[in-house]
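Structure data (PDB, C-alpha atoms, pLDDT in the B column) from upload-v5.pdb:
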```pdb
ATOM      1  CA  MET A 333       0.000   0.000   0.000  1.00 44.00           C
ATOM      2  CA  SER A 334       1.526   3.329  -0.966  1.00 43.00           C
ATOM      3  CA  ALA A 335       0.861   6.354   1.206  1.00 44.00           C
ATOM      4  CA  ARG A 336       0.750  10.029   0.360  1.00 43.00           C
ATOM      5  CA  LEU A 337       1.903  12.136   3.282  1.00 42.00           C
ATOM      6  CA  CYS A 338       0.940  15.642   4.195  1.00 42.00           C
ATOM      7  CA  VAL A 339       2.335  17.394   7.243  1.00 43.00           C
ATOM      8  CA  ILE A 340       0.227  20.214   8.617  1.00 41.00           C
ATOM      9  CA  GLU A 341       2.306  22.964  10.228  1.00 43.00           C
ATOM     10  CA  GLY A 342       5.409  21.312   8.779  1.00 41.00           C
ATOM     11  CA  MET A 343       7.136  24.508   7.787  1.00 41.00           C
ATOM     12  CA  GLY A 344      10.403  23.909   9.593  1.00 46.00           C
ATOM     13  CA  LYS A 345      12.038  20.705  10.584  1.00 53.00           C
ATOM     14  CA  GLU A 346       8.764  19.061  11.570  1.00 57.00           C
ATOM     15  CA  PRO A 347       9.043  15.292  11.201  1.00 68.00           C
ATOM     16  CA  VAL A 348       7.000  13.419   8.636  1.00 79.00           C
ATOM     17  CA  PRO A 349       4.165  11.292  10.064  1.00 84.00           C
ATOM     18  CA  ASP A 350       4.814   7.617  10.689  1.00 89.00           C
ATOM     19  CA  VAL A 351       1.980   6.248   8.511  1.00 90.00           C
ATOM     20  CA  PRO A 352       2.424   2.594   9.593  1.00 92.00           C
ATOM     21  CA  ALA A 353       2.097   3.709  13.254  1.00 93.00           C
ATOM     22  CA  VAL A 354      -1.047   5.705  12.409  1.00 95.00           C
ATOM     23  CA  THR A 355      -2.506   2.739  10.500  1.00 94.00           C
ATOM     24  CA  ARG A 356      -1.744   0.211  13.266  1.00 95.00           C
ATOM     25  CA  PHE A 357      -3.187   2.542  15.894  1.00 96.00           C
ATOM     26  CA  ALA A 358      -6.382   3.237  13.942  1.00 96.00           C
ATOM     27  CA  ARG A 359      -6.982  -0.394  13.070  1.00 95.00           C
ATOM     28  CA  GLU A 360      -5.639  -2.398  15.987  1.00 95.00           C
ATOM     29  CA  VAL A 361      -6.064  -0.072  18.951  1.00 96.00           C
ATOM     30  CA  ILE A 362      -9.239   1.920  18.264  1.00 96.00           C
ATOM     31  CA  GLY A 363     -10.893  -0.516  15.865  1.00 94.00           C
ATOM     32  CA  CYS A 364     -11.168   1.323  12.539  1.00 92.00           C
ATOM     33  CA  ASN A 365     -12.377  -0.997   9.768  1.00 89.00           C
ATOM     34  CA  CYS A 366     -11.573   1.401   6.927  1.00 87.00           C
ATOM     35  CA  PRO A 367     -10.243  -0.154   3.708  1.00 90.00           C
ATOM     36  CA  ASP A 368      -6.578   0.193   2.698  1.00 90.00           C
ATOM     37  CA  GLU A 369      -7.231   3.055   0.270  1.00 92.00           C
ATOM     38  CA  VAL A 370      -8.337   5.283   3.165  1.00 92.00           C
ATOM     39  CA  PHE A 371      -4.814   5.115   4.599  1.00 93.00           C
ATOM     40  CA  ARG A 372      -3.254   6.434   1.375  1.00 92.00           C
ATOM     41  CA  HIS A 373      -3.826   9.977   2.619  1.00 93.00           C
ATOM     42  CA  VAL A 374      -2.832  10.624   6.220  1.00 93.00           C
ATOM     43  CA  GLU A 375      -2.443  14.038   7.814  1.00 93.00           C
ATOM     44  CA  VAL A 376      -1.018  14.530  11.290  1.00 94.00           C
ATOM     45  CA  GLN A 377      -0.576  17.764  13.183  1.00 93.00           C
ATOM     46  CA  ARG A 378       0.556  18.602  16.665  1.00 93.00           C
ATOM     47  CA  GLY A 379      -2.291  20.155  18.623  1.00 95.00           C
ATOM     48  CA  SER A 380      -5.726  20.355  17.022  1.00 96.00           C
ATOM     49  CA  SER A 381      -7.582  22.680  14.707  1.00 95.00           C
ATOM     50  CA  ALA A 382     -10.837  20.782  15.374  1.00 96.00           C
ATOM     51  CA  VAL A 383     -10.953  20.889  19.171  1.00 97.00           C
ATOM     52  CA  LYS A 384      -9.999  23.894  21.281  1.00 96.00           C
ATOM     53  CA  ALA A 385     -11.919  23.092  24.502  1.00 95.00           C
ATOM     54  CA  CYS A 386      -9.111  20.828  25.732  1.00 95.00           C
ATOM     55  CA  SER A 387      -5.387  20.628  25.181  1.00 96.00           C
ATOM     56  CA  ALA A 388      -4.703  18.272  22.287  1.00 96.00           C
ATOM     57  CA  ASP A 389      -1.500  16.328  21.741  1.00 96.00           C
ATOM     58  CA  CYS A 390      -2.253  15.765  18.073  1.00 96.00           C
ATOM     59  CA  GLU A 391      -4.920  15.471  15.414  1.00 97.00           C
ATOM     60  CA  LEU A 392      -5.047  12.713  12.802  1.00 97.00           C
ATOM     61  CA  ARG A 393      -7.042  12.982   9.571  1.00 97.00           C
ATOM     62  CA  ILE A 394      -7.253   9.717   7.716  1.00 96.00           C
ATOM     63  CA  GLY A 395      -8.486   9.465   4.142  1.00 95.00           C
ATOM     64  CA  GLY A 396     -11.082  12.197   4.503  1.00 94.00           C
ATOM     65  CA  ARG A 397     -13.118   9.755   6.603  1.00 95.00           C
ATOM     66  CA  LEU A 398     -11.705   9.604  10.103  1.00 97.00           C
ATOM     67  CA  LEU A 399     -10.934  12.552  12.398  1.00 98.00           C
ATOM     68  CA  ILE A 400      -9.045  11.612  15.574  1.00 98.00           C
ATOM     69  CA  VAL A 401      -8.003  13.997  18.346  1.00 98.00           C
ATOM     70  CA  VAL A 402      -5.597  12.688  20.999  1.00 98.00           C
ATOM     71  CA  THR A 403      -5.374  14.429  24.375  1.00 97.00           C
ATOM     72  CA  SER A 404      -3.450  13.838  27.587  1.00 96.00           C
ATOM     73  CA  GLU A 405      -5.517  16.373  29.519  1.00 96.00           C
ATOM     74  CA  PRO A 406      -6.099  15.053  33.048  1.00 95.00           C
ATOM     75  CA  VAL A 407      -9.478  13.373  33.403  1.00 94.00           C
ATOM     76  CA  THR A 408     -10.400  15.590  36.352  1.00 92.00           C
ATOM     77  CA  ARG A 409     -10.071  18.657  34.094  1.00 94.00           C
ATOM     78  CA  LEU A 410     -11.539  17.030  30.971  1.00 96.00           C
ATOM     79  CA  ALA A 411     -14.679  15.380  32.383  1.00 94.00           C
ATOM     80  CA  PRO A 412     -16.490  18.611  33.395  1.00 94.00           C
ATOM     81  CA  HIS A 413     -16.256  20.076  29.865  1.00 94.00           C
ATOM     82  CA  LEU A 414     -16.351  16.850  27.828  1.00 97.00           C
ATOM     83  CA  ALA A 415     -19.657  17.930  26.231  1.00 96.00           C
ATOM     84  CA  GLU A 416     -17.963  21.016  24.761  1.00 97.00           C
ATOM     85  CA  VAL A 417     -15.020  18.945  23.472  1.00 97.00           C
ATOM     86  CA  VAL A 418     -17.367  16.427  21.837  1.00 97.00           C
ATOM     87  CA  ALA A 419     -19.514  19.192  20.321  1.00 97.00           C
ATOM     88  CA  GLU A 420     -16.426  20.800  18.761  1.00 97.00           C
ATOM     89  CA  GLY A 421     -15.202  17.473  17.387  1.00 97.00           C
ATOM     90  CA  LYS A 422     -18.602  16.610  15.960  1.00 97.00           C
ATOM     91  CA  ARG A 423     -18.947  20.064  14.391  1.00 97.00           C
ATOM     92  CA  ALA A 424     -15.480  19.752  12.784  1.00 98.00           C
ATOM     93  CA  ARG A 425     -16.352  16.241  11.565  1.00 98.00           C
ATOM     94  CA  ASP A 426     -19.535  17.472   9.912  1.00 98.00           C
ATOM     95  CA  GLU A 427     -18.063  20.681   8.459  1.00 97.00           C
ATOM     96  CA  ARG A 428     -15.082  18.817   6.987  1.00 97.00           C
ATOM     97  CA  LYS A 429     -17.295  15.926   5.814  1.00 97.00           C
ATOM     98  CA  PHE A 430     -15.580  13.176   7.806  1.00 97.00           C
ATOM     99  CA  ASN A 431     -17.496   9.979   8.643  1.00 96.00           C
ATOM    100  CA  ARG A 432     -16.306   9.626  12.245  1.00 96.00           C
ATOM    101  CA  PHE A 433     -14.889  11.671  15.112  1.00 98.00           C
ATOM    102  CA  ARG A 434     -12.897   9.806  17.738  1.00 98.00           C
ATOM    103  CA  LEU A 435     -11.590  11.461  20.883  1.00 98.00           C
ATOM    104  CA  VAL A 436      -8.689   9.511  22.364  1.00 98.00           C
ATOM    105  CA  VAL A 437      -7.795  10.262  25.973  1.00 97.00           C
ATOM    106  CA  GLN A 438      -4.473   8.845  27.067  1.00 96.00           C
ATOM    107  CA  THR A 439      -3.961   8.453  30.784  1.00 94.00           C
ATOM    108  CA  GLY A 440      -1.701   6.695  33.243  1.00 93.00           C
ATOM    109  CA  LYS A 441      -4.707   5.058  34.944  1.00 91.00           C
ATOM    110  CA  PRO A 442      -7.206   4.042  32.240  1.00 90.00           C
ATOM    111  CA  ALA A 443      -8.934   1.369  34.331  1.00 88.00           C
ATOM    112  CA  GLU A 444      -9.663   3.846  37.124  1.00 88.00           C
ATOM    113  CA  GLU A 445     -10.390   6.956  35.070  1.00 90.00           C
ATOM    114  CA  SER A 446     -12.341   5.520  32.149  1.00 92.00           C
ATOM    115  CA  GLU A 447     -15.502   5.031  34.213  1.00 92.00           C
ATOM    116  CA  GLU A 448     -15.682   8.743  35.052  1.00 90.00           C
ATOM    117  CA  LEU A 449     -15.134   9.764  31.432  1.00 94.00           C
ATOM    118  CA  PHE A 450     -17.581   7.261  29.962  1.00 95.00           C
ATOM    119  CA  ARG A 451     -20.221   8.385  32.472  1.00 93.00           C
ATOM    120  CA  ALA A 452     -19.658  11.987  31.359  1.00 94.00           C
ATOM    121  CA  PHE A 453     -19.704  10.904  27.691  1.00 96.00           C
ATOM    122  CA  GLU A 454     -23.052   9.121  28.101  1.00 95.00           C
ATOM    123  CA  SER A 455     -24.640  12.384  29.251  1.00 93.00           C
ATOM    124  CA  VAL A 456     -23.349  14.412  26.260  1.00 95.00           C
ATOM    125  CA  PRO A 457     -26.415  15.422  24.226  1.00 92.00           C
ATOM    126  CA  GLU A 458     -24.400  16.251  21.057  1.00 89.00           C
ATOM    127  CA  LYS A 459     -22.887  12.793  20.618  1.00 94.00           C
ATOM    128  CA  ASP A 460     -24.218  10.427  17.973  1.00 96.00           C
ATOM    129  CA  GLU A 461     -23.370   6.992  16.574  1.00 96.00           C
ATOM    130  CA  ARG A 462     -20.445   8.493  14.620  1.00 97.00           C
ATOM    131  CA  THR A 463     -18.834  10.070  17.706  1.00 97.00           C
ATOM    132  CA  HIS A 464     -16.594   7.865  19.851  1.00 97.00           C
ATOM    133  CA  LEU A 465     -14.548   8.115  23.034  1.00 97.00           C
ATOM    134  CA  HIS A 466     -11.501   5.933  23.710  1.00 97.00           C
ATOM    135  CA  VAL A 467      -9.638   5.936  27.037  1.00 96.00           C
ATOM    136  CA  LEU A 468      -6.220   4.348  26.652  1.00 96.00           C
ATOM    137  CA  ALA A 469      -3.035   3.833  28.610  1.00 95.00           C
ATOM    138  CA  LYS A 470      -0.271   6.185  27.554  1.00 91.00           C
ATOM    139  CA  GLY A 471       1.736   3.248  26.206  1.00 91.00           C
ATOM    140  CA  GLU A 472      -1.060   2.353  23.763  1.00 94.00           C
ATOM    141  CA  VAL A 473      -0.772   5.673  21.912  1.00 94.00           C
ATOM    142  CA  PRO A 474       2.358   5.789  19.749  1.00 93.00           C
ATOM    143  CA  ASN A 475       4.400   8.833  18.910  1.00 88.00           C
ATOM    144  CA  PHE A 476       3.050   9.345  15.399  1.00 91.00           C
ATOM    145  CA  PHE A 477       6.310  11.074  14.397  1.00 82.00           C
ATOM    146  CA  SER A 478       8.790   8.824  16.225  1.00 58.00           C
ATOM    147  CA  HIS A 479      10.322   6.788  13.397  1.00 49.00           C
ATOM    148  CA  ALA A 480       9.964   9.238  10.559  1.00 42.00           C
ATOM    149  CA  PRO A 481      12.823  11.202   8.999  1.00 48.00           C
ATOM    150  CA  HIS A 482      12.977  14.944   9.330  1.00 45.00           C
ATOM    151  CA  VAL A 483      11.889  17.152   6.429  1.00 44.00           C
ATOM    152  CA  ASP A 484      14.513  19.734   5.428  1.00 41.00           C
TER     153      ASP A 484
END
```
The structure given in the file should be rewritten as structure tokens.
Amino acid sequence: MSARLCVIEGMGKEPVPDVPAVTRFAREVIGCNCPDEVFRHVEVQRGSSAVKACSADCELRIGGRLLIVVTSEPVTRLAPHLAEVVAEGKRARDERKFNRFRLVVQTGKPAEESEELFRAFESVPEKDERTHLHVLAKGEVPNFFSHAPHVD
């Protein structure tokens, strides 16, 4: 499978995305069933243009279908305004014509903290069947730039 790469905010020595890491993460960790051709166009940026209501580690845009925002914001700070975060992600998904929005929260204690977040997520009125929340251990979320060469 060949991949076309696009780095958002890659004006300096920003590394190129690690497409195999993005693909493995989307398929094996968060359960994306998208066909191979979707992974031919992968965009990764640090931070997020879709979600501003929480600090975002990165945003992944896969094949014009899947919008993923990864955050490490502490659950105690995220849970009270999760509805706003989800509303922003859903709005960005719809405006940009993506099929799915997935918010990935990486934490050091997923077993303990996921219950609080999922309870908050269940009460979000803006969510729909194309909006998903994933609470993962920090080790389950790769550095999407880690093995890629630098762009000069």
| Quick one: residues within 9 Å of Ala411 in chain A, only C-alpha atoms counted, chain neighbours fewer than 4 positions away excluded, as a ChimeraX atom specification? | /A:406-407,415,448-453
| request: Name every residue that the PyMOL selection byres ((chain A and resi 404) around 8) selects in this structure, writing the answer as a ChimeraX atom specification with chains first and numbers rising. | output: /A:387-389,402-403,405-406,437-439
| Hey, can you check how far CA of Leu398 in chain A sits from CA of Lys441 in chain A? |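 We find that CA of Leu398 in chain A and CA of Lys441 in chain A lie 26.2 Å from each other.
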| task | Tell me which of A:Ala443, A:Val467, A:Val376, A:Leu435 sits closest to Ala353 in chain A, counting all atoms listed in the file. | result | A:Val376
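The space between CA of Arg423 in chain A and CA of Arg393 in chain A spans 14.7 Å.
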| task | To verify the selection step, state as a ChimeraX atom specification which residues the PyMOL selection byres ((chain A and resi 394) around 8) yields on this input. | result | /A:370-371,373-375,392-393,395-399
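One finds CA of Pro349 in chain A at 24.6 Å from CA of Val417 in chain A.
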| Smallest atom-to-atom distance to Gly471 in chain A: which of A:Cys390, A:Phe357, A:Glu444, A:Val348, using all atoms listed in the file? |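 Of A:Cys390, A:Phe357, A:Glu444, A:Val348, the one nearest Gly471 in chain A is A:Phe357, counting all atoms listed in the file.
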| Which residue out of A:Arg372, A:Ala358, A:Glu461, A:Val456 has the minimum interatomic distance to Val436 in chain A when only C-alpha atoms are used? | A:Ala358
| query | Between A:Val473, A:Ala385, A:Leu410, A:Ile362, which is the closest to Phe433 in chain A once you count all atoms listed in the file? | reply |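 The closest residue to Phe433 in chain A is A:Ile362.
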| query | Which residue, A:Glu454, A:Glu360, A:Glu391, A:Glu427, has the smallest gap to Leu414 in chain A when you use all atoms listed in the file? | reply |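 Between A:Glu454, A:Glu360, A:Glu391, A:Glu427, the residue approaching Leu414 in chain A most closely is A:Glu454.
Shortest atom-to-atom contact with Asn475 in chain A among A:Thr463, A:Gln377, A:Ser455, A:Asn365: A:Gln377, counting all atoms listed in the file.
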| request: List, as a PyMOL selection string, every residue that the PyMOL selection byres ((chain A and resi 381) around 10) selects in the file provided. | output: chain A and resi 377-380+382-384+388+390-391+401+420-421+424
